[in-house]
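One structure is given here, and the rest of the page talks about it.
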Amino acid sequence: MQRRFICFAVALVLVPALAGQGAAADRANGRRIAERWCAGCHVVSPGQSRGSDQVPTFAEIGSAERLDEGALRAFLADPTHSRMPPLSLTRSEIADVVAYIQGQRP
């Protein structure tokens, strides 16, 4: 009986910790995705010298108060309402790009 309790207690501690690690966004992967798919129009990193002056930079997007994490996720999940090309990103990739954008705040 005590052994079951110990196993249950360990599971209660470890499962949420492991789940949280798997859900963490990967900014480095977000940067790779942005450089591949977004840099043709957006300035996606401080070192980038070219981009369209018709679209905001990632630093501007990351600084916009109305574009919180939820708004960015929703937009990237369905960008068909904009001038952006249709992207087919997974939820994990969207989380990575959002984390990267939010990390570009000046």
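Starting from 1 in every chain, residues are counted up; chains themselves are A, B, ... following the order of the structure tokens, and ligands are numbered from 1 as listed.
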
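Residues within 7 Å of stretch 30-42 of chain A, counting only C-alpha atoms and excluding same-chain residues fewer than 6 positions away, are Gly51, Ser52, Val55, Pro56, Thr57, Phe58, Glu93, Asp96, Val97, Ala99 and Tyr100 of chain A.
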
Residue subset to file, keeping N, CA and C atoms, as a PDB file, in the first residue's frame:
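The result, written out as again_35.pdb:
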```pdb
ATOM      1  N   GLY A  51      14.130  43.793 -46.612  1.00  0.00           N
ATOM      2  CA  GLY A  51      12.766  43.344 -46.389  1.00  0.00           C
ATOM      3  C   GLY A  51      11.850  44.373 -47.013  1.00  0.00           C
ATOM      4  N   SER A  52      10.607  44.064 -47.136  1.00  0.00           N
ATOM      5  CA  SER A  52       9.663  45.004 -47.729  1.00  0.00           C
ATOM      6  C   SER A  52       9.339  46.111 -46.736  1.00  0.00           C
ATOM      7  N   VAL A  55       5.531  45.895 -45.003  1.00  0.00           N
ATOM      8  CA  VAL A  55       5.114  44.992 -43.930  1.00  0.00           C
ATOM      9  C   VAL A  55       5.933  45.292 -42.676  1.00  0.00           C
ATOM     10  N   PRO A  56       5.377  45.014 -41.509  1.00  0.00           N
ATOM     11  CA  PRO A  56       6.117  45.294 -40.273  1.00  0.00           C
ATOM     12  C   PRO A  56       7.266  44.313 -40.062  1.00  0.00           C
ATOM     13  N   THR A  57       8.263  44.775 -39.347  1.00  0.00           N
ATOM     14  CA  THR A  57       9.364  43.897 -38.956  1.00  0.00           C
ATOM     15  C   THR A  57       8.884  42.999 -37.818  1.00  0.00           C
ATOM     16  N   PHE A  58       9.622  41.948 -37.553  1.00  0.00           N
ATOM     17  CA  PHE A  58       9.264  41.084 -36.429  1.00  0.00           C
ATOM     18  C   PHE A  58       9.389  41.844 -35.110  1.00  0.00           C
ATOM     19  N   GLU A  93       5.242  24.442 -34.584  1.00  0.00           N
ATOM     20  CA  GLU A  93       5.983  25.439 -35.361  1.00  0.00           C
ATOM     21  C   GLU A  93       5.437  26.846 -35.121  1.00  0.00           C
ATOM     22  N   ASP A  96       6.752  28.044 -31.909  1.00  0.00           N
ATOM     23  CA  ASP A  96       8.164  28.415 -32.048  1.00  0.00           C
ATOM     24  C   ASP A  96       8.306  29.790 -32.698  1.00  0.00           C
ATOM     25  N   VAL A  97       7.547  30.046 -33.755  1.00  0.00           N
ATOM     26  CA  VAL A  97       7.619  31.338 -34.450  1.00  0.00           C
ATOM     27  C   VAL A  97       7.115  32.451 -33.527  1.00  0.00           C
ATOM     28  N   ALA A  99       7.165  32.503 -30.257  1.00  0.00           N
ATOM     29  CA  ALA A  99       8.199  32.738 -29.240  1.00  0.00           C
ATOM     30  C   ALA A  99       9.346  33.556 -29.820  1.00  0.00           C
ATOM     31  N   TYR A 100       9.722  33.273 -31.044  1.00  0.00           N
ATOM     32  CA  TYR A 100      10.795  34.033 -31.690  1.00  0.00           C
ATOM     33  C   TYR A 100      10.377  35.483 -31.913  1.00  0.00           C
TER      34      TYR A 100
END
```

> Counting only C-alpha atoms, what is within 10 Å of A:Ala59, bar same-chain residues fewer than 2 positions away, as an MDAnalysis selection string?
Replying inline: chainID A and resid 42:46 56:57 61:64 100:106

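Minimum atom-to-atom distance to A:Asp68, evaluated using only C-alpha atoms, belongs to A:Val98 out of A:Leu87, A:Asn29, A:Val98, A:Ala24.
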
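Restricting the calculation to only C-alpha atoms, the smallest distance between A:Gln54 and any of A:Ala77, A:Ala25, A:Leu67, A:Met84 is found for A:Met84.
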